[in-house]
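Next comes structure_25.txt, a file with compact mmCIF, C-alpha atoms.
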```txt
# COMPACT_ATOMS: atom_id res chain seq x y z
CA MET A 1316 99.35 115.21 113.86
CA PHE A 1317 102.00 112.71 113.22
CA ASP A 1318 101.44 109.19 114.42
CA LEU A 1319 104.69 108.27 116.16
CA ASP A 1320 103.52 105.00 117.66
CA ASN A 1321 102.96 103.10 114.48
CA THR A 1322 105.85 103.34 112.21
CA THR A 1323 104.82 103.73 108.67
CA GLU A 1324 106.06 101.04 106.41
CA ARG A 1325 108.43 102.29 103.88
CA ARG A 1326 109.26 100.37 100.83
CA HIS A 1327 112.92 99.69 100.61
CA ALA A 1328 113.81 99.71 96.98
CA PRO A 1329 116.70 97.36 96.49
CA GLU A 1330 119.78 99.35 95.63
CA PRO A 1331 122.19 97.42 93.47
CA ASP A 1332 125.70 97.52 94.82
CA LEU A 1333 127.65 98.75 91.84
CA VAL A 1334 131.15 98.00 93.08
CA PRO A 1335 131.21 94.20 92.57
CA ILE A 1336 129.46 94.65 89.22
CA LEU A 1337 132.22 97.02 88.11
CA ASP A 1338 134.81 94.53 89.38
CA GLY A 1339 133.26 91.78 87.32
CA LEU A 1340 133.05 93.96 84.21
CA THR A 1341 136.69 95.03 84.60
CA SER A 1342 137.88 91.43 84.82
CA VAL A 1343 135.78 90.45 81.79
CA ILE A 1344 137.30 93.33 79.82
CA PHE A 1345 140.81 92.24 80.84
CA PHE A 1346 140.11 88.66 79.73
CA LEU A 1347 138.80 89.85 76.39
CA LEU A 1348 141.82 92.11 75.83
CA LEU A 1349 144.28 89.34 76.62
CA SER A 1350 142.55 86.73 74.55
CA ILE A 1351 142.02 88.82 71.45
CA THR A 1352 144.10 87.85 68.47
CA PHE A 1353 144.19 90.16 65.49
CA ILE A 1354 144.44 88.36 62.19
CA GLY A 1355 144.81 90.13 58.93
CA ILE A 1356 142.67 88.49 56.30
CA THR A 1357 144.14 88.94 52.90
CA LYS A 1358 142.98 87.85 49.57
CA ILE A 1359 145.31 86.64 46.92
CA THR A 1360 144.03 86.54 43.41
CA VAL A 1361 145.84 83.86 41.46
CA PRO A 1362 145.51 84.27 37.74
CA PRO A 1363 145.57 81.17 35.55
CA SER A 1364 149.14 80.11 34.96
CA THR A 1365 150.57 80.58 31.53
CA VAL A 1366 151.74 77.53 29.69
CA SER A 1367 155.23 77.49 28.39
CA THR A 1368 157.51 74.83 27.08
CA ALA A 1369 160.39 74.00 29.31
CA SER A 1370 163.82 74.45 27.95
CA VAL A 1371 167.26 73.85 29.36
CA SER A 1372 168.66 77.06 30.74
CA LYS A 1373 171.70 78.15 28.88
CA ASP A 1374 172.65 80.78 31.40
CA ILE A 1375 175.80 80.23 33.43
CA PRO A 1376 175.09 80.81 37.16
CA ILE A 1377 176.48 84.00 38.62
CA SER A 1378 177.81 82.35 41.85
CA GLY A 1379 178.62 85.53 43.70
CA ARG A 1380 181.43 85.09 46.19
CA ILE A 1381 183.21 87.35 48.62
CA VAL A 1382 186.85 86.49 49.21
CA ALA A 1383 188.90 88.03 52.01
CA GLN A 1384 192.68 87.71 52.08
CA LEU A 1385 195.25 89.02 54.51
CA ARG A 1386 198.08 90.93 52.86
CA GLY A 1387 200.40 92.11 55.61
CA GLN A 1388 198.27 94.36 57.81
CA THR A 1389 195.65 94.92 55.13
CA ILE A 1390 192.60 92.84 54.39
CA LEU A 1391 191.75 92.67 50.71
CA VAL A 1392 188.05 92.01 50.23
CA LYS A 1393 186.91 91.05 46.78
CA MET A 1394 183.38 90.40 45.51
CA GLU A 1395 183.68 88.24 42.42
CA TRP A 1396 181.32 86.40 40.14
CA ILE A 1397 181.33 84.21 37.08
CA GLY A 1398 178.44 83.91 34.64
CA ARG A 1399 178.51 85.21 31.10
CA HIS A 1400 180.53 88.28 32.11
CA PRO A 1401 182.76 87.49 35.07
CA GLY A 1402 184.07 90.36 37.10
CA SER A 1403 184.81 91.64 40.57
CA PHE A 1404 184.70 94.60 42.93
CA GLU A 1405 187.50 95.18 45.43
CA GLU A 1406 188.05 97.00 48.69
CA SER A 1407 191.13 97.21 50.95
CA VAL A 1408 190.76 97.62 54.67
CA PRO A 1409 193.44 98.06 57.35
CA ARG A 1410 193.33 95.11 59.72
CA GLY A 1411 193.85 97.02 62.97
CA ASP A 1412 193.23 94.97 66.09
CA ALA A 1413 192.34 91.52 64.74
CA LEU A 1414 190.32 90.67 67.84
CA GLU A 1415 188.09 93.74 67.81
CA LYS A 1416 185.04 94.47 65.70
CA ASN A 1417 186.30 96.05 62.49
CA GLU A 1418 183.87 98.77 61.42
CA LYS A 1419 185.81 99.42 58.21
CA LEU A 1420 185.55 95.75 57.29
CA ILE A 1421 181.80 95.83 57.93
CA ASP A 1422 181.44 98.96 55.78
CA ALA A 1423 183.59 97.51 52.98
CA SER A 1424 181.54 94.29 52.90
CA ALA A 1425 178.30 96.28 52.94
CA LYS A 1426 179.53 98.43 50.05
CA LEU A 1427 180.49 95.38 48.00
CA ALA A 1428 177.14 93.75 48.76
CA GLU A 1429 175.35 96.92 47.66
CA GLN A 1430 177.28 97.05 44.40
CA PHE A 1431 176.67 93.36 43.72
CA LYS A 1432 172.98 93.68 44.54
CA ALA A 1433 172.64 96.61 42.15
CA LYS A 1434 174.29 94.59 39.37
CA PHE A 1435 172.53 91.28 40.07
CA PRO A 1436 169.28 91.99 41.94
CA ASP A 1437 168.02 88.41 41.51
CA GLU A 1438 170.93 86.78 43.32
CA LYS A 1439 169.96 85.74 46.84
CA THR A 1440 173.02 83.78 47.98
CA ILE A 1441 176.61 84.80 48.54
CA GLN A 1442 179.53 82.49 49.22
CA ILE A 1443 182.16 83.58 51.72
CA ALA A 1444 185.75 82.44 51.59
CA LEU A 1445 188.36 83.75 54.02
CA SER A 1446 192.01 82.92 54.04
CA SER A 1447 193.06 80.55 56.80
CA ASN A 1448 194.90 83.27 58.77
CA LEU A 1449 191.79 85.42 59.26
CA ASN A 1450 189.72 84.77 62.35
CA TYR A 1451 186.16 84.32 63.56
CA GLN A 1452 185.77 87.99 64.50
CA GLU A 1453 186.62 89.00 60.95
CA LEU A 1454 184.17 86.45 59.55
CA ILE A 1455 181.43 87.92 61.74
CA SER A 1456 182.32 91.45 60.60
CA ILE A 1457 182.08 90.44 56.94
CA MET A 1458 178.79 88.66 57.56
CA ASP A 1459 177.47 91.75 59.34
CA GLY A 1460 178.30 93.84 56.27
CA LEU A 1461 176.66 91.39 53.86
CA ARG A 1462 173.50 91.13 55.97
CA LYS A 1463 173.17 94.88 56.44
CA ASP A 1464 169.76 96.17 55.39
CA ASP A 1465 168.73 92.52 54.87
CA ARG A 1466 170.52 92.40 51.53
CA TYR A 1467 171.69 88.83 51.81
CA GLU A 1468 170.33 86.33 54.31
CA ASP A 1469 171.70 83.16 52.72
CA LEU A 1470 175.43 83.00 53.23
CA VAL A 1471 177.43 79.92 52.39
CA LEU A 1472 180.92 79.30 53.72
CA SER A 1473 183.53 78.22 51.19
CA SER A 1474 186.85 76.58 51.84
CA TYR A 1475 189.87 78.63 52.93
CA THR A 1476 191.81 76.98 50.08
CA GLU A 1477 189.89 79.17 47.65
CA ALA A 1478 191.16 82.26 49.40
CA ASP A 1479 194.69 81.19 50.32
CA MET B 785 108.60 119.57 118.82
CA LEU B 786 110.54 118.30 115.89
CA ASP B 787 111.60 120.84 113.43
CA PHE B 788 110.97 119.56 109.95
CA GLU B 789 111.45 122.81 108.16
CA GLY B 790 115.13 123.25 108.62
CA GLU B 791 117.37 120.28 107.74
CA LYS B 792 120.41 119.54 109.71
CA LYS B 793 123.39 119.26 107.46
CA ARG B 794 125.27 116.10 108.14
CA SER B 795 128.68 115.64 106.74
CA LYS B 796 128.98 112.32 105.03
CA VAL B 797 132.19 110.52 105.75
CA LEU B 798 133.61 108.68 102.78
CA ILE B 799 134.23 105.10 103.72
CA LEU B 800 137.01 103.39 101.82
CA GLN B 801 135.82 99.99 100.67
CA LEU B 802 138.88 97.80 100.81
CA ALA B 803 137.35 94.55 99.60
CA PRO B 804 136.76 95.56 95.96
CA MET B 805 140.13 97.33 95.83
CA ILE B 806 141.87 94.16 96.96
CA ASP B 807 139.86 92.19 94.38
CA VAL B 808 141.03 94.41 91.56
CA PHE B 809 144.67 94.39 92.68
CA VAL B 810 144.65 90.61 92.95
CA LEU B 811 143.26 90.37 89.44
CA ILE B 812 145.89 92.75 88.10
CA ILE B 813 148.66 90.74 89.77
CA VAL B 814 147.27 87.49 88.36
CA PHE B 815 147.22 88.94 84.86
CA LEU B 816 150.75 90.30 85.18
CA ILE B 817 152.04 86.93 86.37
CA LYS B 818 150.26 85.15 83.52
CA GLY B 819 151.70 87.59 81.03
CA THR B 820 155.29 87.23 82.17
CA ILE B 821 157.33 85.20 79.75
CA MET B 822 160.06 83.21 81.38
CA GLU B 823 162.48 81.58 79.05
CA GLU B 824 165.74 79.89 79.57
CA THR B 825 168.63 81.75 78.04
CA ALA B 826 169.22 80.13 74.69
CA VAL B 827 173.00 80.47 74.86
CA THR B 828 175.15 80.58 77.96
CA LYS B 829 178.50 82.19 77.35
CA PRO B 830 181.16 79.61 78.26
CA GLU B 831 183.74 80.73 80.76
CA GLY B 832 187.04 81.89 79.37
CA LEU B 833 185.60 82.37 75.88
CA ASN B 834 185.73 85.78 74.20
CA LEU B 835 182.80 85.98 71.84
CA ALA B 836 183.07 87.92 68.61
CA GLN B 837 181.38 91.33 68.46
CA SER B 838 178.57 91.87 66.03
CA VAL B 839 176.19 94.66 65.05
CA SER B 840 173.36 92.18 64.71
CA ARG B 841 170.23 92.58 66.81
CA GLU B 842 168.95 89.08 66.24
CA GLN B 843 168.20 86.89 69.19
CA SER B 844 169.88 83.52 69.43
CA GLU B 845 167.88 80.33 69.04
CA ASN B 846 167.59 77.39 71.32
CA SER B 847 169.58 74.89 69.28
CA PRO B 848 172.26 72.26 69.90
CA GLN B 849 175.66 73.81 70.56
CA VAL B 850 179.21 73.38 69.40
CA ILE B 851 181.79 75.37 71.34
CA ILE B 852 185.17 76.15 69.84
CA SER B 853 187.71 77.43 72.33
CA ASN B 854 191.47 77.90 72.06
CA ASP B 855 192.36 74.31 72.82
CA LYS B 856 189.30 72.16 72.22
CA VAL B 857 186.05 71.73 70.38
CA GLU B 858 183.05 70.63 72.44
CA PHE B 859 180.20 68.97 70.63
CA LYS B 860 177.60 69.47 73.32
CA LEU B 861 174.88 67.73 71.34
CA VAL B 862 176.67 64.39 71.50
CA ASP B 863 178.69 65.11 74.65
CA GLN B 864 182.09 64.79 73.00
CA VAL B 865 185.21 66.92 73.31
CA ARG B 866 188.01 66.87 70.78
CA PRO B 867 191.36 68.67 70.81
CA ILE B 868 191.54 71.53 68.37
CA ALA B 869 194.56 69.97 66.64
CA GLU B 870 192.19 67.50 64.97
CA PHE B 871 190.63 70.35 63.04
CA LYS B 872 193.72 72.20 61.95
CA GLU B 873 193.91 70.19 58.76
CA ASP B 874 191.15 69.04 56.49
CA ASP B 875 191.85 65.36 57.13
CA PHE B 876 189.15 64.35 59.54
CA ASN B 877 188.61 60.59 59.46
CA PRO B 878 185.28 59.86 57.73
CA ARG B 879 184.97 56.68 59.82
CA ASP B 880 185.24 58.60 63.08
CA PRO B 881 182.63 57.42 65.60
CA ILE B 882 181.44 61.01 66.01
CA PHE B 883 179.51 60.71 62.75
CA LYS B 884 177.57 57.79 64.23
CA ALA B 885 176.86 59.86 67.32
CA PHE B 886 175.55 62.69 65.13
CA LYS B 887 173.32 60.30 63.22
CA LYS B 888 171.94 58.88 66.46
CA PHE B 889 171.28 62.39 67.75
CA GLN B 890 169.38 63.29 64.61
CA GLU B 891 167.26 60.14 64.76
CA GLU B 892 166.41 60.69 68.42
CA ASN B 893 165.52 64.32 67.85
CA LYS B 894 163.96 64.29 64.42
CA ASN B 895 160.70 65.74 65.73
CA LEU B 896 162.40 68.46 67.71
CA GLU B 897 162.26 71.96 66.33
CA ASN B 898 165.71 73.41 65.61
CA ALA B 899 167.43 70.03 66.01
CA ASN B 900 168.98 70.50 62.56
CA HIS B 901 170.37 73.93 63.38
CA ILE B 902 173.64 74.22 65.26
CA ASN B 903 174.70 77.14 67.44
CA VAL B 904 178.41 77.59 66.75
CA ILE B 905 179.93 79.43 69.71
CA SER B 906 183.53 80.25 69.01
CA ASP B 907 186.27 82.32 70.53
CA ARG B 908 186.88 85.39 68.40
CA SER B 909 190.49 84.39 67.77
CA THR B 910 189.60 81.01 66.22
CA SER B 911 191.11 80.81 62.75
CA TYR B 912 188.79 80.52 59.80
CA LYS B 913 190.56 77.25 58.90
CA VAL B 914 189.55 75.52 62.13
CA LEU B 915 186.06 76.99 61.99
CA TYR B 916 185.53 75.84 58.42
CA ASN B 917 186.73 72.30 59.18
CA VAL B 918 184.36 72.01 62.14
CA VAL B 919 181.44 73.37 60.12
CA LYS B 920 182.26 71.02 57.27
CA ILE B 921 181.99 67.98 59.55
CA LEU B 922 178.63 69.17 60.82
CA ARG B 923 177.31 69.81 57.31
CA LEU B 924 178.52 66.40 56.11
CA SER B 925 176.62 64.88 59.03
CA GLY B 926 173.39 66.40 57.77
CA PHE B 927 172.91 69.50 59.92
CA GLN B 928 171.23 72.06 57.75
CA SER B 929 172.30 75.40 59.04
CA MET B 930 174.95 76.90 61.24
CA LEU B 931 174.05 79.76 63.54
CA PHE B 932 177.18 81.74 64.37
CA VAL B 933 176.86 83.20 67.84
CA ALA B 934 178.35 86.58 68.67
CA GLU B 935 177.77 89.35 71.17
CA GLY B 936 175.36 91.66 69.50
CA GLU B 937 173.92 95.05 70.24
CA GLY B 938 170.67 93.51 71.47
CA GLN B 939 167.16 94.84 70.88
```
Take the structure in the file and give it back as structure tokens.
Amino acid sequence: MFDLDNTTERRHAPEPDLVPILDGLTSVIFFLLLSITFIGITKITVPPSTVSTASVSKDIPISGRIVAQLRGQTILVKMEWIGRHPGSFEESVPRGDALEKNEKLIDASAKLAEQFKAKFPDEKTIQIALSSNLNYQELISIMDGLRKDDRYEDLVLSSYTEAD
Amino acid sequence: MLDFEGEKKRSKVLILQLAPMIDVFVLIIVFLIKGTIMEETAVTKPEGLNLAQSVSREQSENSPQVIISNDKVEFKLVDQVRPIAEFKEDDFNPRDPIFKAFKKFQEENKNLENANHINVISDRSTSYKVLYNVVKILRLSGFQSMLFVAEGEGQ
């Protein structure tokens, strides 16, 4: 028969409450994710440098320059250079609305930059000279064309007297 | 007599524990707030100025500003305003006190990042002549690079 007067002692096994443990783990994971920084470790092997005698360069600098001139309602854009074999590329673009972004001017500048880059791949700098009657919008359009596809990042402004 | 053979089926009611849910939400909100980047706009478009349009997607930098409008040139970095007529010819006085002001600005801010870069904010109709003359003065004063600000297509 069952003894109902004396209650049998039962061992209460402690049950871990999982919820706060999961909370804590989640916050630790979040901290780790936010504080992780991924660094790429690269190795550069530097071979011994070769010795060479220095000599004065006899090469004439290329000095690539883009010149834009207003001829009536047309903008003449010329990419010219000096060096041993001076030369130039030219494009003509209708001016249109002088105060609006000129897509044709951007495309013409990009085309000239592409041609110049193909001819002189080592040149990193281009000078820009606009005539005094062209405006800031047109300068920006030409710069956009030259910087297209990251061809030329270093652009140097030249005086308007060289274009006038 | 108690019946121990058959078990009474009790339906367990799921109790929603709000405390851990609130904990997690608070943590998520704290992380979101910490991750928010709040920056001041690098360039504020001046009123009445029509910026040039560009296809560039580059963000502007937080650098000293020069604003060229239709009638004046504001050198914000040294708090000076000059009429645009002074820049229509290439005859700016080399003894002008503005050069001293530029030098003082550079000395005071030599440890500041981007202090040698200038944001040139110009109206789109500004002639290249005026723009070049302004930029020339800044370059002669020792500022290394000019950042021409335009309205781009953004990122």
Exercise. At what distance in Å, to one decimal, does atom CA of A:Ile1441 lie from atom CA of B:Glu897?
Worked result: 26.2 Å
Exercise. Which one is closest to chain A: B:Leu915, B:Val862, B:Val857, B:Ile851? Count only C-alpha atoms.
Worked result: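 For chain A, the nearest of the candidates is B:Leu915.
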Problem set entry | chain A contacts on chain B, only C-alpha atoms, 7 Å, as an NGL selection string | :B and (804 or 808 or 836-840 or 908-913 or 916)
Expected file: the selected residues, C-alpha atoms, as a tab-separated table (two decimals), in the frame of the given file:
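Output (part-v6.tsv):
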```tsv
chain	number	residue	atom	x	y	z
B	804	PRO	CA	136.76	95.56	95.96
B	808	VAL	CA	141.03	94.41	91.56
B	836	ALA	CA	183.07	87.92	68.61
B	837	GLN	CA	181.38	91.33	68.46
B	838	SER	CA	178.57	91.87	66.03
B	839	VAL	CA	176.19	94.66	65.05
B	840	SER	CA	173.36	92.18	64.71
B	908	ARG	CA	186.88	85.39	68.40
B	909	SER	CA	190.49	84.39	67.77
B	910	THR	CA	189.60	81.01	66.22
B	911	SER	CA	191.11	80.81	62.75
B	912	TYR	CA	188.79	80.52	59.80
B	913	LYS	CA	190.56	77.25	58.90
B	916	TYR	CA	185.53	75.84	58.42
```
For this session: Using atom CA of B:Pro830 and atom CA of B:Ala899 as the two end points, give the distance in Å to one decimal.
Result: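 Spanning atom CA of B:Pro830 to atom CA of B:Ala899 is a straight-line distance of 20.7 Å.
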Exercise. What is the atom CA of A:Ser1378-atom CA of A:Glu1477 distance in Å, reported with one decimal?
Worked result: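 So the answer is 13.8 Å.
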For this session: Show which residues sit within 8 Å of B:Pro848, as a list in words. Count all atoms listed in the file, and ignore same-chain residues fewer than 2 positions away.
Result: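 Listing them by chain and then by number gives Asn846, Val850, Lys860, Leu861, Asn898, Ala899, His901, Ile902 and Asn903 of chain B.
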Exercise. Within 10 Å of B:Gln890, counting only C-alpha atoms, which residues qualify if same-chain residues fewer than 5 places away don't, as a ChimeraX atom specification?
Worked result: /B:861,884-885,895-896,899-900,925-927
For this session: Please provide the set of residues having any atom within 8 Å of A:Glu1438, restricted to only C-alpha atoms, with same-chain residues fewer than 6 positions apart removed, written as a list in words.
Result: Ile1377, Gly1379 and Lys1432 of chain A
For this session: Quick one: everything within 12 Å of B:Lys856, counting all atoms listed in the file, minus sequence neighbours fewer than 5 positions away in the same chain. Send it as a list in words.
Result: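 Residues near the query, excluding close chain neighbours: Leu833, Val850, Ile851, Gln864, Val865, Arg866, Pro867, Ile868, Ala869, Glu870, Phe871, Lys872, Ser906, Asp907, Thr910, Val914, Leu915 and Val918 of chain B.
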Exercise. With all atoms listed in the file as the atoms that count, which of A:Glu1429, A:Asp1412, A:Glu1330, A:Asp1374 lies nearest to A:Met1394?
Worked result: A:Glu1429
Exercise. Using only C-alpha atoms, which residue out of B:Met805, B:Gly832, B:Val814, B:Glu842 lies closest to B:Gly936?
Worked result: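 Ranked by minimum distance to B:Gly936, first place goes to B:Glu842.
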With the input short on atoms, add all heavy atoms back to stretch 1405-1416 of chain A and write it as a PDB file, keeping the file's coordinate frame.
```
ATOM      1  N   GLU A1405     186.483  95.377  44.391  1.00  0.00           N
ATOM      2  CA  GLU A1405     187.500  95.180  45.430  1.00  0.00           C
ATOM      3  C   GLU A1405     187.496  96.320  46.439  1.00  0.00           C
ATOM      4  O   GLU A1405     187.209  97.460  46.087  1.00  0.00           O
ATOM      5  CB  GLU A1405     188.890  95.164  44.786  1.00  0.00           C
ATOM      6  CG  GLU A1405     189.455  93.791  44.576  1.00  0.00           C
ATOM      7  CD  GLU A1405     190.862  93.844  44.016  1.00  0.00           C
ATOM      8  OE1 GLU A1405     191.636  94.726  44.429  1.00  0.00           O
ATOM      9  OE2 GLU A1405     191.159  93.002  43.151  1.00  0.00           O
ATOM     10  N   GLU A1406     187.840  95.980  47.660  1.00  0.00           N
ATOM     11  CA  GLU A1406     188.050  97.000  48.690  1.00  0.00           C
ATOM     12  C   GLU A1406     189.229  96.559  49.541  1.00  0.00           C
ATOM     13  O   GLU A1406     189.412  95.371  49.783  1.00  0.00           O
ATOM     14  CB  GLU A1406     186.821  97.140  49.611  1.00  0.00           C
ATOM     15  CG  GLU A1406     185.577  97.697  48.958  1.00  0.00           C
ATOM     16  CD  GLU A1406     185.655  99.207  48.758  1.00  0.00           C
ATOM     17  OE1 GLU A1406     186.330  99.871  49.546  1.00  0.00           O
ATOM     18  OE2 GLU A1406     185.040  99.679  47.781  1.00  0.00           O
ATOM     19  N   SER A1407     190.029  97.525  50.018  1.00  0.00           N
ATOM     20  CA  SER A1407     191.130  97.210  50.950  1.00  0.00           C
ATOM     21  C   SER A1407     190.844  97.865  52.278  1.00  0.00           C
ATOM     22  O   SER A1407     190.409  99.017  52.320  1.00  0.00           O
ATOM     23  CB  SER A1407     192.447  97.781  50.418  1.00  0.00           C
ATOM     24  OG  SER A1407     192.945  96.955  49.417  1.00  0.00           O
ATOM     25  N   VAL A1408     191.105  97.139  53.324  1.00  0.00           N
ATOM     26  CA  VAL A1408     190.760  97.620  54.670  1.00  0.00           C
ATOM     27  C   VAL A1408     191.947  97.353  55.588  1.00  0.00           C
ATOM     28  O   VAL A1408     192.504  96.248  55.575  1.00  0.00           O
ATOM     29  CB  VAL A1408     189.519  96.843  55.179  1.00  0.00           C
ATOM     30  CG1 VAL A1408     189.242  97.139  56.629  1.00  0.00           C
ATOM     31  CG2 VAL A1408     188.296  97.151  54.350  1.00  0.00           C
ATOM     32  N   PRO A1409     192.357  98.345  56.381  1.00  0.00           N
ATOM     33  CA  PRO A1409     193.440  98.060  57.350  1.00  0.00           C
ATOM     34  C   PRO A1409     192.932  97.081  58.400  1.00  0.00           C
ATOM     35  O   PRO A1409     191.784  97.174  58.843  1.00  0.00           O
ATOM     36  CB  PRO A1409     193.748  99.430  57.963  1.00  0.00           C
ATOM     37  CG  PRO A1409     192.570 100.278  57.654  1.00  0.00           C
ATOM     38  CD  PRO A1409     191.908  99.728  56.445  1.00  0.00           C
ATOM     39  N   ARG A1410     193.795  96.167  58.803  1.00  0.00           N
ATOM     40  CA  ARG A1410     193.330  95.110  59.720  1.00  0.00           C
ATOM     41  C   ARG A1410     193.109  95.653  61.128  1.00  0.00           C
ATOM     42  O   ARG A1410     192.149  95.307  61.784  1.00  0.00           O
ATOM     43  CB  ARG A1410     194.348  93.966  59.764  1.00  0.00           C
ATOM     44  CG  ARG A1410     193.745  92.712  60.412  1.00  0.00           C
ATOM     45  CD  ARG A1410     194.705  91.594  60.551  1.00  0.00           C
ATOM     46  NE  ARG A1410     193.965  90.356  60.829  1.00  0.00           N
ATOM     47  CZ  ARG A1410     194.523  89.215  61.217  1.00  0.00           C
ATOM     48  NH1 ARG A1410     195.833  89.134  61.350  1.00  0.00           N
ATOM     49  NH2 ARG A1410     193.787  88.139  61.452  1.00  0.00           N
ATOM     50  N   GLY A1411     193.993  96.496  61.603  1.00  0.00           N
ATOM     51  CA  GLY A1411     193.850  97.020  62.970  1.00  0.00           C
ATOM     52  C   GLY A1411     193.999  95.900  63.984  1.00  0.00           C
ATOM     53  O   GLY A1411     194.754  94.954  63.808  1.00  0.00           O
ATOM     54  N   ASP A1412     193.208  95.999  65.045  1.00  0.00           N
ATOM     55  CA  ASP A1412     193.230  94.970  66.090  1.00  0.00           C
ATOM     56  C   ASP A1412     192.377  93.794  65.590  1.00  0.00           C
ATOM     57  O   ASP A1412     191.168  93.913  65.449  1.00  0.00           O
ATOM     58  CB  ASP A1412     192.663  95.534  67.396  1.00  0.00           C
ATOM     59  CG  ASP A1412     192.816  94.566  68.547  1.00  0.00           C
ATOM     60  OD1 ASP A1412     193.117  93.373  68.316  1.00  0.00           O
ATOM     61  OD2 ASP A1412     192.625  94.986  69.700  1.00  0.00           O
ATOM     62  N   ALA A1413     193.027  92.661  65.349  1.00  0.00           N
ATOM     63  CA  ALA A1413     192.340  91.520  64.740  1.00  0.00           C
ATOM     64  C   ALA A1413     191.238  90.961  65.624  1.00  0.00           C
ATOM     65  O   ALA A1413     190.346  90.273  65.142  1.00  0.00           O
ATOM     66  CB  ALA A1413     193.359  90.421  64.432  1.00  0.00           C
ATOM     67  N   LEU A1414     191.294  91.267  66.929  1.00  0.00           N
ATOM     68  CA  LEU A1414     190.320  90.670  67.840  1.00  0.00           C
ATOM     69  C   LEU A1414     189.181  91.623  68.188  1.00  0.00           C
ATOM     70  O   LEU A1414     188.358  91.320  69.034  1.00  0.00           O
ATOM     71  CB  LEU A1414     191.010  90.196  69.128  1.00  0.00           C
ATOM     72  CG  LEU A1414     192.064  89.110  68.909  1.00  0.00           C
ATOM     73  CD1 LEU A1414     192.694  88.708  70.235  1.00  0.00           C
ATOM     74  CD2 LEU A1414     191.453  87.881  68.242  1.00  0.00           C
ATOM     75  N   GLU A1415     189.164  92.789  67.554  1.00  0.00           N
ATOM     76  CA  GLU A1415     188.090  93.740  67.810  1.00  0.00           C
ATOM     77  C   GLU A1415     187.203  93.861  66.572  1.00  0.00           C
ATOM     78  O   GLU A1415     187.646  93.603  65.449  1.00  0.00           O
ATOM     79  CB  GLU A1415     188.652  95.129  68.156  1.00  0.00           C
ATOM     80  CG  GLU A1415     189.399  95.184  69.476  1.00  0.00           C
ATOM     81  CD  GLU A1415     188.514  94.883  70.658  1.00  0.00           C
ATOM     82  OE1 GLU A1415     187.339  95.287  70.662  1.00  0.00           O
ATOM     83  OE2 GLU A1415     189.000  94.205  71.600  1.00  0.00           O
ATOM     84  N   LYS A1416     185.967  94.266  66.806  1.00  0.00           N
ATOM     85  CA  LYS A1416     185.040  94.470  65.700  1.00  0.00           C
ATOM     86  C   LYS A1416     185.612  95.512  64.750  1.00  0.00           C
ATOM     87  O   LYS A1416     186.030  96.580  65.181  1.00  0.00           O
ATOM     88  CB  LYS A1416     183.690  94.955  66.275  1.00  0.00           C
ATOM     89  CG  LYS A1416     182.610  95.142  65.234  1.00  0.00           C
ATOM     90  CD  LYS A1416     181.258  95.430  65.867  1.00  0.00           C
ATOM     91  CE  LYS A1416     181.220  96.735  66.597  1.00  0.00           C
ATOM     92  NZ  LYS A1416     179.898  97.098  67.110  1.00  0.00           N
TER      93      LYS A1416
END
```
